[in-house]
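One structure is given below, encoded as structure tokens.
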Amino acid sequence: MATIQIDKLLNACIKQGASDIHITVGQPPVFRLHGRMRKLETKVLEPDDTVALMKSITPDRCQRELQEMGTADFGFAFGEAARFRVSVFKQRGNIAMVLRQIPNDKLTPEQLGLSDVVVKLVLRPRGLFLVTGPTGSGKSTTLASLVNFINETCDHHIITIEDPIEFYHEHIQSTINQREIGVDVPSFSDAIRRALRQDPDVILVGEMRDLETIEAAITAAETGHVVFGTLHTNSAQGTINRIIDAFPGNLQDQIRTQLSTSIIGVLAQTLLPRITGGRVAAYEILVVTPAIANLIRENKTFRINSAIQTGAKFGMQLMDDALFSHWQNGIVAVEEVMSKAQRPDDLNKRIVAAMAGMALPEQELGEGGQ
């Protein structure tokens, strides 16, 4: 019974293009469609239903982890159609699950709306490139697209370290080894350190979630590798601060210096519903120029936003400028744009001024502070 149900659910999810399936006791399954939650017109789930659904897809080792830790994450392939990243957890003593759909087809950087600047950055011979944004903002999709682009154009050795593996990559021009935390290697930091002995050109670190991992990623970038990483930060300036703040005070000066020489760029992103349906990404782009490396080294990160504002010739862009242009081009509704703004008051002024048919003079837009 459960296997039929889960198959039906997964098929419906793929067909409708839902990003997530939520399964919890006391309501029917819920799909997240274009960012909105939609309940399915089926039976309300009982405790036995969620247990049966969980058992039908969860590997034994994850069922044991669920019993011991109260939660487990894993990835699985649903035939050729798609892969899913699954988080199983207990709530109020019952089993609940969230399944995130990972499409099999990898989009090109152009299809994602990534600029040439970003593509050029990832072809650099070494350095740390970070893709950041809240959960569900499309970071994995962006990274898979960039890794696939390198795979199609360069003869590199690429090692990905993921928890769990999301997009499967074939060897095209490059050789790709994908290591899963808990299956192939115990931790992110351990995997990065070991990767350095495996002759990589590119290392993808699924999540830089602790001090050891951040440290290992910076070291790998310094020693002549391209390192991709993700963080749950909303802006480029916030990303730099988050990395430095992860270290104890007495190490922060040293990390500023290391980061200033190793980081090559930050792409902060968010997803918004299009007026015409589907979703579109807005990107903040920081390209680390010598001037920006100086700001990092000298602990003047509060000036990064204004440096991005004046760095358009290097391909830089603030999130609010990206949001403004999505609104201006009629792609995204004004309330959606405002909900993602970094500085809502300033953006609101610009939109009001644009509606009134006049652009605000530059100085009123404010210097890019916090």
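In the structure tokens, chains take the letters A, B, ... in the order shown, each chain's residues start at 1, and ligands count up from 1 in the order shown.
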
Q.
I need the residues in segment 96-250 of chain A that are strand (DSSP E) according to DSSP; give them as number ranges by chain.
A. A: 96-103, 127-132, 157-162, 175-180, 202-205, 226-231

Q: Report the residues of segment 237-296 of chain A whose backbone DSSP state falls under helix (DSSP H, G or I), written as a VMD selection string.
A: chain A and resid 237 to 245 249 to 262 290 to 296

Residue subset to file, keeping N, CA and C atoms, as a tab-separated table (two decimals), in the first residue's frame:
```tsv
chain	number	residue	atom	x	y	z
A	237	GLN	N	28.18	40.87	1.64
A	237	GLN	CA	28.84	41.48	2.80
A	237	GLN	C	28.62	40.59	4.03
A	238	GLY	N	27.38	40.12	4.21
A	238	GLY	CA	27.06	39.25	5.35
A	238	GLY	C	27.84	37.95	5.32
A	239	THR	N	28.13	37.46	4.11
A	239	THR	CA	28.87	36.20	3.95
A	239	THR	C	30.29	36.34	4.47
A	240	ILE	N	30.94	37.43	4.07
A	240	ILE	CA	32.32	37.67	4.52
A	240	ILE	C	32.36	37.76	6.04
A	241	ASN	N	31.40	38.52	6.60
A	241	ASN	CA	31.35	38.67	8.06
A	241	ASN	C	31.10	37.34	8.75
A	242	ARG	N	30.20	36.53	8.19
A	242	ARG	CA	29.86	35.23	8.81
A	242	ARG	C	31.10	34.34	8.89
A	243	ILE	N	31.90	34.33	7.82
A	243	ILE	CA	33.10	33.48	7.82
A	243	ILE	C	34.09	33.95	8.89
A	244	ILE	N	34.32	35.26	8.94
A	244	ILE	CA	35.29	35.78	9.91
A	244	ILE	C	34.78	35.56	11.34
A	245	ASP	N	33.47	35.79	11.55
A	245	ASP	CA	32.90	35.62	12.90
A	245	ASP	C	32.89	34.18	13.37
A	249	GLY	N	38.18	35.32	18.37
A	249	GLY	CA	38.73	36.66	18.20
A	249	GLY	C	40.21	36.71	17.89
A	250	ASN	N	41.00	35.87	18.58
A	250	ASN	CA	42.45	35.96	18.39
A	250	ASN	C	42.91	35.45	17.02
A	251	LEU	N	42.02	34.74	16.31
A	251	LEU	CA	42.40	34.24	14.98
A	251	LEU	C	41.83	35.09	13.84
A	252	GLN	N	41.00	36.06	14.20
A	252	GLN	CA	40.25	36.76	13.15
A	252	GLN	C	41.15	37.57	12.21
A	253	ASP	N	42.20	38.18	12.73
A	253	ASP	CA	43.10	38.95	11.86
A	253	ASP	C	43.75	38.05	10.82
A	254	GLN	N	44.20	36.89	11.31
A	254	GLN	CA	44.86	35.94	10.41
A	254	GLN	C	43.88	35.46	9.32
A	255	ILE	N	42.63	35.18	9.73
A	255	ILE	CA	41.62	34.70	8.77
A	255	ILE	C	41.28	35.79	7.76
A	256	ARG	N	41.20	37.03	8.21
A	256	ARG	CA	40.94	38.14	7.26
A	256	ARG	C	41.99	38.14	6.16
A	257	THR	N	43.25	37.99	6.56
A	257	THR	CA	44.34	37.99	5.58
A	257	THR	C	44.21	36.80	4.64
A	258	GLN	N	43.97	35.60	5.23
A	258	GLN	CA	43.84	34.39	4.39
A	258	GLN	C	42.66	34.51	3.43
A	259	LEU	N	41.53	34.99	3.97
A	259	LEU	CA	40.32	35.09	3.16
A	259	LEU	C	40.53	36.10	2.03
A	260	SER	N	41.20	37.22	2.35
A	260	SER	CA	41.38	38.27	1.34
A	260	SER	C	42.20	37.77	0.15
A	261	THR	N	43.10	36.81	0.39
A	261	THR	CA	43.91	36.31	-0.73
A	261	THR	C	43.26	35.11	-1.41
A	262	SER	N	42.34	34.41	-0.71
A	262	SER	CA	41.80	33.17	-1.30
A	262	SER	C	40.43	33.34	-1.94
A	290	PRO	N	41.30	43.62	-6.11
A	290	PRO	CA	42.31	43.99	-5.11
A	290	PRO	C	41.75	44.99	-4.07
A	291	ALA	N	40.91	45.92	-4.52
A	291	ALA	CA	40.33	46.91	-3.59
A	291	ALA	C	39.45	46.23	-2.54
A	292	ILE	N	38.66	45.25	-3.00
A	292	ILE	CA	37.77	44.55	-2.05
A	292	ILE	C	38.58	43.63	-1.13
A	293	ALA	N	39.63	43.01	-1.68
A	293	ALA	CA	40.52	42.20	-0.85
A	293	ALA	C	41.10	43.05	0.28
A	294	ASN	N	41.42	44.31	-0.04
A	294	ASN	CA	41.91	45.24	0.98
A	294	ASN	C	40.89	45.50	2.08
A	295	LEU	N	39.63	45.72	1.66
A	295	LEU	CA	38.57	45.96	2.65
A	295	LEU	C	38.44	44.78	3.61
A	296	ILE	N	38.55	43.56	3.05
A	296	ILE	CA	38.45	42.36	3.90
A	296	ILE	C	39.62	42.32	4.87
```

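If you count only C-alpha atoms and ignore residues fewer than 2 places along the chain from segment 335-337 of chain A, what sits within 8 Å of it is Leu272, Pro273, Leu323, Phe324, His326, Trp327, Val332, Ala333, Ser339, Lys340 and Ala341 of chain A.
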
Q | Within 10 Å of Glu41 of chain A using only C-alpha atoms, minus same-chain residues under 4 positions, as a ChimeraX atom specification | A | /A:28-30

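Among the candidates A:Lys39, A:Arg64, A:His156, A:His22, the residue lying nearest to Arg100 of chain A is A:His22 (atoms considered: only C-alpha atoms).
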
Q.
If we count only C-alpha atoms and set the cut-off at 10 Å, which residues sit around Gly330 of chain A, ignoring sequence neighbours fewer than 6 positions away in its own chain? Please answer as number ranges by chain.
A. A: 274-276, 324

Just write the chosen residues, all heavy atoms, as a PDB file, in the first residue's frame.
```pdb
ATOM      1  N   ARG A 274       7.496  34.279 -10.493  1.00  0.00           N
ATOM      2  CA  ARG A 274       7.268  35.145 -11.659  1.00  0.00           C
ATOM      3  C   ARG A 274       5.784  35.473 -11.744  1.00  0.00           C
ATOM      4  O   ARG A 274       4.940  34.654 -11.377  1.00  0.00           O
ATOM      5  CB  ARG A 274       7.593  34.392 -12.950  1.00  0.00           C
ATOM      6  CG  ARG A 274       9.045  34.151 -13.229  1.00  0.00           C
ATOM      7  CD  ARG A 274       9.126  33.271 -14.496  1.00  0.00           C
ATOM      8  NE  ARG A 274      10.486  32.858 -14.751  1.00  0.00           N
ATOM      9  CZ  ARG A 274      11.343  33.534 -15.520  1.00  0.00           C
ATOM     10  NH1 ARG A 274      10.941  34.645 -16.121  1.00  0.00           N
ATOM     11  NH2 ARG A 274      12.568  33.105 -15.693  1.00  0.00           N
ATOM     12  N   ILE A 275       5.481  36.623 -12.302  1.00  0.00           N
ATOM     13  CA  ILE A 275       4.083  37.001 -12.521  1.00  0.00           C
ATOM     14  C   ILE A 275       3.406  35.967 -13.433  1.00  0.00           C
ATOM     15  O   ILE A 275       2.250  35.616 -13.251  1.00  0.00           O
ATOM     16  CB  ILE A 275       3.993  38.419 -13.138  1.00  0.00           C
ATOM     17  CG1 ILE A 275       4.474  39.444 -12.101  1.00  0.00           C
ATOM     18  CG2 ILE A 275       2.581  38.735 -13.606  1.00  0.00           C
ATOM     19  CD1 ILE A 275       4.605  40.868 -12.605  1.00  0.00           C
ATOM     20  N   THR A 276       4.179  35.435 -14.401  1.00  0.00           N
ATOM     21  CA  THR A 276       3.594  34.512 -15.378  1.00  0.00           C
ATOM     22  C   THR A 276       3.624  33.054 -14.916  1.00  0.00           C
ATOM     23  O   THR A 276       3.293  32.151 -15.672  1.00  0.00           O
ATOM     24  CB  THR A 276       4.377  34.598 -16.705  1.00  0.00           C
ATOM     25  OG1 THR A 276       5.770  34.367 -16.405  1.00  0.00           O
ATOM     26  CG2 THR A 276       4.214  35.945 -17.355  1.00  0.00           C
ATOM     27  N   PHE A 324      15.090  45.291  -8.273  1.00  0.00           N
ATOM     28  CA  PHE A 324      14.500  46.452  -8.954  1.00  0.00           C
ATOM     29  C   PHE A 324      14.330  46.158 -10.442  1.00  0.00           C
ATOM     30  O   PHE A 324      13.288  46.428 -11.033  1.00  0.00           O
ATOM     31  CB  PHE A 324      15.390  47.683  -8.737  1.00  0.00           C
ATOM     32  CG  PHE A 324      14.855  48.932  -9.399  1.00  0.00           C
ATOM     33  CD1 PHE A 324      13.789  49.629  -8.833  1.00  0.00           C
ATOM     34  CD2 PHE A 324      15.406  49.404 -10.578  1.00  0.00           C
ATOM     35  CE1 PHE A 324      13.294  50.779  -9.441  1.00  0.00           C
ATOM     36  CE2 PHE A 324      14.912  50.553 -11.197  1.00  0.00           C
ATOM     37  CZ  PHE A 324      13.852  51.247 -10.627  1.00  0.00           C
TER      38      PHE A 324
END
```

(Q) Just want the 12 Å neighbourhood of Asp199 of chain A, counted on only C-alpha atoms, with same-chain residues fewer than 2 positions away dropped. Output as a PyMOL selection string. (A) chain A and resi 156-159+175-177+192-197+201-203+220+223-225

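Put simply, atom CA of Gly70 of chain A is 19.0 Å away from atom CA of Glu46 of chain A.
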